[in-house]
>>> print(open('model-v8.cif').read())   # mmCIF, C-alpha atoms
data_coords
loop_
_atom_site.label_atom_id
_atom_site.label_comp_id
_atom_site.auth_asym_id
_atom_site.auth_seq_id
_atom_site.Cartn_x
_atom_site.Cartn_y
_atom_site.Cartn_z
CA MET A 1 -107.74 166.26 -15.82
CA ALA A 2 -105.47 168.10 -13.39
CA ASP A 3 -104.95 166.72 -9.89
CA ALA A 4 -106.94 169.53 -8.25
CA ALA A 5 -109.87 169.03 -10.62
CA ARG A 6 -109.81 165.28 -9.94
CA ALA A 7 -109.70 165.91 -6.18
CA ASN A 8 -112.63 168.35 -6.41
CA THR A 9 -114.67 165.87 -8.45
CA ALA A 10 -113.97 163.23 -5.79
CA LEU A 11 -114.96 165.72 -3.06
CA ILE A 12 -118.38 166.32 -4.65
CA GLU A 13 -118.87 162.56 -5.07
CA ARG A 14 -117.86 162.00 -1.44
CA PHE A 15 -120.37 164.64 -0.30
CA TYR A 16 -123.31 163.09 -2.19
CA SER A 17 -122.33 159.49 -1.45
CA ALA A 18 -122.32 160.38 2.25
CA PHE A 19 -125.67 162.15 1.83
CA ALA A 20 -127.14 159.05 0.18
CA ARG A 21 -125.92 157.00 3.20
CA ARG A 22 -127.25 159.68 5.59
CA ASP A 23 -123.71 160.15 6.92
CA VAL A 24 -124.04 163.82 7.78
CA GLU A 25 -120.66 164.13 9.50
CA THR A 26 -118.83 162.98 6.36
CA MET A 27 -120.92 165.42 4.33
CA LEU A 28 -119.94 168.26 6.63
CA SER A 29 -116.26 167.31 6.54
CA CYS A 30 -116.30 168.30 2.85
CA TYR A 31 -117.04 171.92 3.79
CA ARG A 32 -114.76 174.71 4.96
CA PRO A 33 -115.63 176.01 8.46
CA ASP A 34 -116.84 179.28 6.89
CA VAL A 35 -118.82 177.64 4.06
CA VAL A 36 -121.65 179.62 2.47
CA PHE A 37 -124.76 177.77 1.23
CA ARG A 38 -127.68 179.15 -0.78
CA ASP A 39 -130.96 177.66 -1.98
CA PRO A 40 -134.53 178.85 -2.69
CA VAL A 41 -135.92 177.66 0.67
CA PHE A 42 -133.24 178.54 3.24
CA GLY A 43 -131.75 181.52 1.41
CA THR A 44 -128.15 182.22 2.38
CA LEU A 45 -126.62 180.37 5.34
CA SER A 46 -123.05 180.24 6.56
CA GLY A 47 -120.83 178.13 8.79
CA GLN A 48 -122.74 176.61 11.70
CA GLU A 49 -126.11 177.36 10.09
CA VAL A 50 -125.17 175.20 7.11
CA ARG A 51 -124.08 172.36 9.38
CA ALA A 52 -127.26 172.59 11.44
CA MET A 53 -129.43 172.65 8.30
CA TRP A 54 -127.94 169.38 6.97
CA ARG A 55 -128.16 167.74 10.40
CA MET A 56 -131.79 168.83 10.73
CA LEU A 57 -132.80 167.69 7.25
CA ASN A 58 -131.11 164.31 7.69
CA ALA A 59 -132.71 163.83 11.12
CA ARG A 60 -136.23 164.73 10.00
CA ALA A 61 -136.47 162.86 6.70
CA ALA A 62 -137.35 159.29 7.62
CA ASP A 63 -137.58 158.09 4.02
CA LEU A 64 -134.97 160.26 2.28
CA ALA A 65 -133.44 158.81 -0.90
CA ILE A 66 -130.66 160.66 -2.75
CA GLU A 67 -129.33 160.11 -6.27
CA PHE A 68 -126.66 162.20 -7.96
CA GLY A 69 -124.75 162.45 -11.22
CA ASN A 70 -123.24 164.75 -13.83
CA VAL A 71 -120.43 165.64 -11.44
CA THR A 72 -117.82 167.94 -12.97
CA ALA A 73 -115.10 170.05 -11.43
CA THR A 74 -112.13 172.22 -12.24
CA GLU A 75 -109.46 173.57 -9.92
CA GLY A 76 -111.83 176.28 -8.66
CA ASP A 77 -115.41 175.23 -9.15
CA GLY A 78 -117.73 172.35 -9.90
CA SER A 79 -121.28 171.21 -10.35
CA ALA A 80 -123.59 168.23 -9.96
CA HIS A 81 -127.20 167.28 -10.48
CA TRP A 82 -128.93 165.56 -7.61
CA GLU A 83 -132.42 164.38 -6.79
CA ALA A 84 -134.08 163.93 -3.43
CA ARG A 85 -137.16 161.83 -2.78
CA TYR A 86 -138.82 162.10 0.61
CA THR A 87 -142.06 162.72 2.44
CA TYR A 88 -142.48 166.35 3.49
CA THR A 89 -143.22 165.92 7.18
CA ALA A 90 -145.42 169.03 7.55
CA THR A 91 -148.01 167.70 5.07
CA GLY A 92 -147.17 164.01 4.59
CA ARG A 93 -146.90 164.62 0.84
CA PRO A 94 -144.25 162.96 -1.34
CA VAL A 95 -141.58 165.20 -2.87
CA HIS A 96 -139.21 164.47 -5.74
CA ASN A 97 -136.95 167.49 -5.93
CA ARG A 98 -134.50 167.90 -8.83
CA ILE A 99 -131.57 170.12 -7.94
CA ASP A 100 -128.63 171.58 -9.83
CA ALA A 101 -125.74 172.35 -7.51
CA SER A 102 -122.69 174.51 -8.06
CA PHE A 103 -119.60 174.65 -5.89
CA GLU A 104 -116.54 176.80 -5.33
CA PHE A 105 -113.49 175.23 -3.71
CA ARG A 106 -110.76 176.65 -1.54
CA ASP A 107 -107.89 174.77 0.07
CA GLY A 108 -109.33 171.35 -0.81
CA SER A 109 -112.80 171.95 0.67
CA ILE A 110 -116.14 173.33 -0.47
CA ALA A 111 -116.25 177.08 0.23
CA ASN A 112 -119.55 177.90 -1.52
CA HIS A 113 -122.47 175.60 -2.34
CA VAL A 114 -125.52 176.82 -4.28
CA ASP A 115 -128.54 174.57 -4.90
CA ARG A 116 -130.96 175.67 -7.62
CA PHE A 117 -134.45 174.27 -8.08
CA SER A 118 -137.97 175.46 -8.80
CA LEU A 119 -139.52 176.59 -5.52
CA TRP A 120 -142.90 176.63 -7.25
CA ARG A 121 -142.52 172.99 -8.33
CA TRP A 122 -141.37 172.06 -4.82
CA ALA A 123 -144.34 173.91 -3.28
CA ALA A 124 -146.77 172.05 -5.54
CA MET A 125 -145.40 168.69 -4.37
CA ALA A 126 -144.92 169.59 -0.70
CA LEU A 127 -148.04 171.72 -0.16
CA GLY A 128 -150.45 170.27 -2.71
CA ILE A 129 -153.04 172.37 -4.53
CA ARG A 130 -152.26 175.52 -2.50
CA GLY A 131 -148.60 175.28 -3.50
CA ALA A 132 -149.45 174.50 -7.12
CA LEU A 133 -151.82 177.45 -7.45
CA LEU A 134 -150.06 179.98 -5.26
CA GLY A 135 -146.45 178.81 -4.91
CA TRP A 136 -145.22 181.40 -7.39
CA LEU A 137 -146.58 184.31 -5.32
CA PRO A 138 -144.06 186.28 -3.21
CA PRO A 139 -146.15 185.99 0.02
CA VAL A 140 -146.27 182.19 -0.29
CA ARG A 141 -142.55 182.02 -1.05
CA SER A 142 -141.89 184.27 1.95
CA SER A 143 -144.02 182.00 4.14
CA ILE A 144 -142.05 178.94 3.00
CA ARG A 145 -138.76 180.70 3.76
CA ALA A 146 -139.99 181.97 7.13
CA ARG A 147 -141.09 178.46 8.13
CA ALA A 148 -137.67 177.06 7.12
CA ALA A 149 -135.84 179.79 9.07
CA LYS A 150 -138.02 179.21 12.14
CA GLY A 151 -137.46 175.45 11.96
CA LEU A 152 -133.69 175.89 11.62
CA ALA A 153 -133.54 178.37 14.51
CA ALA A 154 -135.52 175.98 16.73
CA TYR A 155 -133.29 173.06 15.74
CA MET A 156 -130.14 175.08 16.47
CA ALA A 157 -131.52 176.16 19.87
CA ALA A 158 -132.31 172.55 20.80
CA ASN A 159 -129.00 171.21 19.42
CA PRO A 160 -126.27 173.71 20.37
#
>>> encode(input="model-v8.cif", output="structure tokens")
Amino acid sequence: MADAARANTALIERFYSAFARRDVETMLSCYRPDVVFRDPVFGTLSGQEVRAMWRMLNARAADLAIEFGNVTATEGDGSAHWEARYTYTATGRPVHNRIDASFEFRDGSIANHVDRFSLWRWAAMALGIRGALLGWLPPVRSSIRARAAKGLAAYMAANP
């Protein structure tokens, strides 16, 4: 394995190890200042939005547990599988989300981070029967995304 690939593998492991410890500042130190993040709930975020999202999620999840594995990386990109277990605060329902992440690296930091998971499966766990029956519908997905955007905007306003 080339030195850059080894360093990128270590960077992903550092990110998720910090996440598991709830050390958000170490997590964020793995990112470039202009990082771009995408997932099914928050859509596309960049820079300060990404940082605020991780700070918000870490602050709100009282019982968050993170596990990760299958970390691989090359000189330019990488991937990992991670799982999050927590109580969704809006409903009090337990969530066990299984996520496949992909990364692009630039200058020794994460430049792009994409998390992929089933929004329908997440909605069923987080929202219960409504999410299970309707979570695949575009209006429900839009409502989930709008709630996430509103929550992030409020967090950013309160934590400049």
>>> resolve_selection(input="model-v8.cif", expression="the PyMOL selection byres ((chain A and resi 109) around 12)", output="number ranges by chain")
A: 4, 7-12, 14-15, 27-36, 75-78, 103-108, 110-113
>>> closest_residue(input="model-v8.cif", among="A:Ser17, A:Thr44, A:Glu49, A:Thr91", to="Gly69 of chain A", atoms="all atoms listed in the file")
A:Ser17
>>> atom_distance(input="model-v8.cif", atom1="atom CA of Ser46 of chain A", atom2="atom CA of Ala124 of chain A")
27.9 Å
>>> residues_around(input="model-v8.cif", residues="segment 50-59 of chain A", least_positions_apart="2", cutoff="12 Å", atoms="only C-alpha atoms", output="ChimeraX atom specification")
/A:15,18-39,41-48,61-66,84,86-89,110-114,148-160
>>> atom_distance(input="model-v8.cif", atom1="atom CA of Gly128 of chain A", atom2="atom CA of Pro40 of chain A")
18.1 Å
>>> atom_distance(input="model-v8.cif", atom1="atom CA of Arg147 of chain A", atom2="atom CA of Trp120 of chain A")
15.6 Å
>>> residues_near_point(input="model-v8.cif", point="(-147.7, 166.3, 0.0)", cutoff="7 Å", atoms="all atoms listed in the file", output="PyMOL selection string")
chain A and resi 88+91-95+125-128
>>> residues_around(input="model-v8.cif", residues="Ser118 of chain A", least_positions_apart="2", cutoff="9 Å", atoms="all atoms listed in the file", output="PyMOL selection string")
chain A and resi 40+97-99+116+120-123
>>> residues_around(input="model-v8.cif", residues="Ala101 of chain A", least_positions_apart="4", cutoff="6 Å", atoms="all atoms listed in the file", output="PyMOL selection string")
chain A and resi 79-80+114-115
>>> decode(input="model-v8.cif", residues="segment 3-23 of chain A", atoms="N, CA, C and O atoms", output="short mmCIF file (atom, residue, chain, number, x, y, z; two decimals), in the first residue's frame")
data_model
loop_
_atom_site.label_atom_id
_atom_site.label_comp_id
_atom_site.auth_asym_id
_atom_site.auth_seq_id
_atom_site.Cartn_x
_atom_site.Cartn_y
_atom_site.Cartn_z
N ASP A 3 2.15 5.13 0.52
CA ASP A 3 2.08 5.98 1.72
C ASP A 3 0.81 6.82 1.76
O ASP A 3 0.19 6.96 2.81
N ALA A 4 0.41 7.40 0.63
CA ALA A 4 -0.80 8.23 0.60
C ALA A 4 -2.04 7.39 0.89
O ALA A 4 -2.94 7.84 1.62
N ALA A 5 -2.11 6.19 0.36
CA ALA A 5 -3.25 5.31 0.63
C ALA A 5 -3.29 4.94 2.11
O ALA A 5 -4.36 4.92 2.73
N ARG A 6 -2.14 4.65 2.68
CA ARG A 6 -2.06 4.33 4.11
C ARG A 6 -2.51 5.53 4.96
O ARG A 6 -3.26 5.38 5.92
N ALA A 7 -2.04 6.71 4.58
CA ALA A 7 -2.42 7.92 5.32
C ALA A 7 -3.92 8.19 5.20
O ALA A 7 -4.55 8.59 6.19
N ASN A 8 -4.50 7.95 4.04
CA ASN A 8 -5.94 8.17 3.86
C ASN A 8 -6.76 7.15 4.64
O ASN A 8 -7.82 7.48 5.19
N THR A 9 -6.29 5.90 4.69
CA THR A 9 -6.96 4.89 5.51
C THR A 9 -6.94 5.33 6.97
O THR A 9 -7.96 5.26 7.66
N ALA A 10 -5.78 5.78 7.44
CA ALA A 10 -5.65 6.24 8.82
C ALA A 10 -6.55 7.45 9.08
O ALA A 10 -7.11 7.59 10.18
N LEU A 11 -6.71 8.32 8.09
CA LEU A 11 -7.56 9.50 8.24
C LEU A 11 -9.02 9.09 8.44
O LEU A 11 -9.70 9.63 9.33
N ILE A 12 -9.50 8.15 7.65
CA ILE A 12 -10.88 7.66 7.83
C ILE A 12 -11.03 7.02 9.21
O ILE A 12 -12.02 7.27 9.91
N GLU A 13 -10.07 6.22 9.61
CA GLU A 13 -10.13 5.57 10.92
C GLU A 13 -10.10 6.62 12.04
O GLU A 13 -10.81 6.48 13.04
N ARG A 14 -9.30 7.66 11.87
CA ARG A 14 -9.26 8.74 12.86
C ARG A 14 -10.61 9.44 12.96
O ARG A 14 -11.10 9.73 14.06
N PHE A 15 -11.23 9.70 11.81
CA PHE A 15 -12.54 10.35 11.78
C PHE A 15 -13.57 9.54 12.58
O PHE A 15 -14.25 10.07 13.46
N TYR A 16 -13.69 8.23 12.26
CA TYR A 16 -14.71 7.42 12.93
C TYR A 16 -14.36 7.08 14.36
O TYR A 16 -15.26 6.96 15.20
N SER A 17 -13.09 6.95 14.68
CA SER A 17 -12.70 6.73 16.08
C SER A 17 -13.08 7.95 16.92
O SER A 17 -13.58 7.82 18.03
N ALA A 18 -12.83 9.13 16.37
CA ALA A 18 -13.23 10.37 17.07
C ALA A 18 -14.74 10.44 17.20
O ALA A 18 -15.27 10.82 18.26
N PHE A 19 -15.46 10.07 16.16
CA PHE A 19 -16.92 10.07 16.19
C PHE A 19 -17.41 9.13 17.30
O PHE A 19 -18.30 9.49 18.08
N ALA A 20 -16.83 7.95 17.39
CA ALA A 20 -17.23 6.98 18.41
C ALA A 20 -16.98 7.53 19.82
O ALA A 20 -17.73 7.21 20.75
N ARG A 21 -15.95 8.38 19.97
CA ARG A 21 -15.65 9.01 21.26
C ARG A 21 -16.43 10.30 21.47
O ARG A 21 -16.29 10.95 22.50
N ARG A 22 -17.17 10.73 20.44
CA ARG A 22 -17.91 11.99 20.45
C ARG A 22 -16.96 13.18 20.51
O ARG A 22 -17.27 14.20 21.11
N ASP A 23 -15.81 13.04 19.87
CA ASP A 23 -14.79 14.09 19.80
C ASP A 23 -14.96 14.81 18.47
O ASP A 23 -14.25 14.57 17.50
#
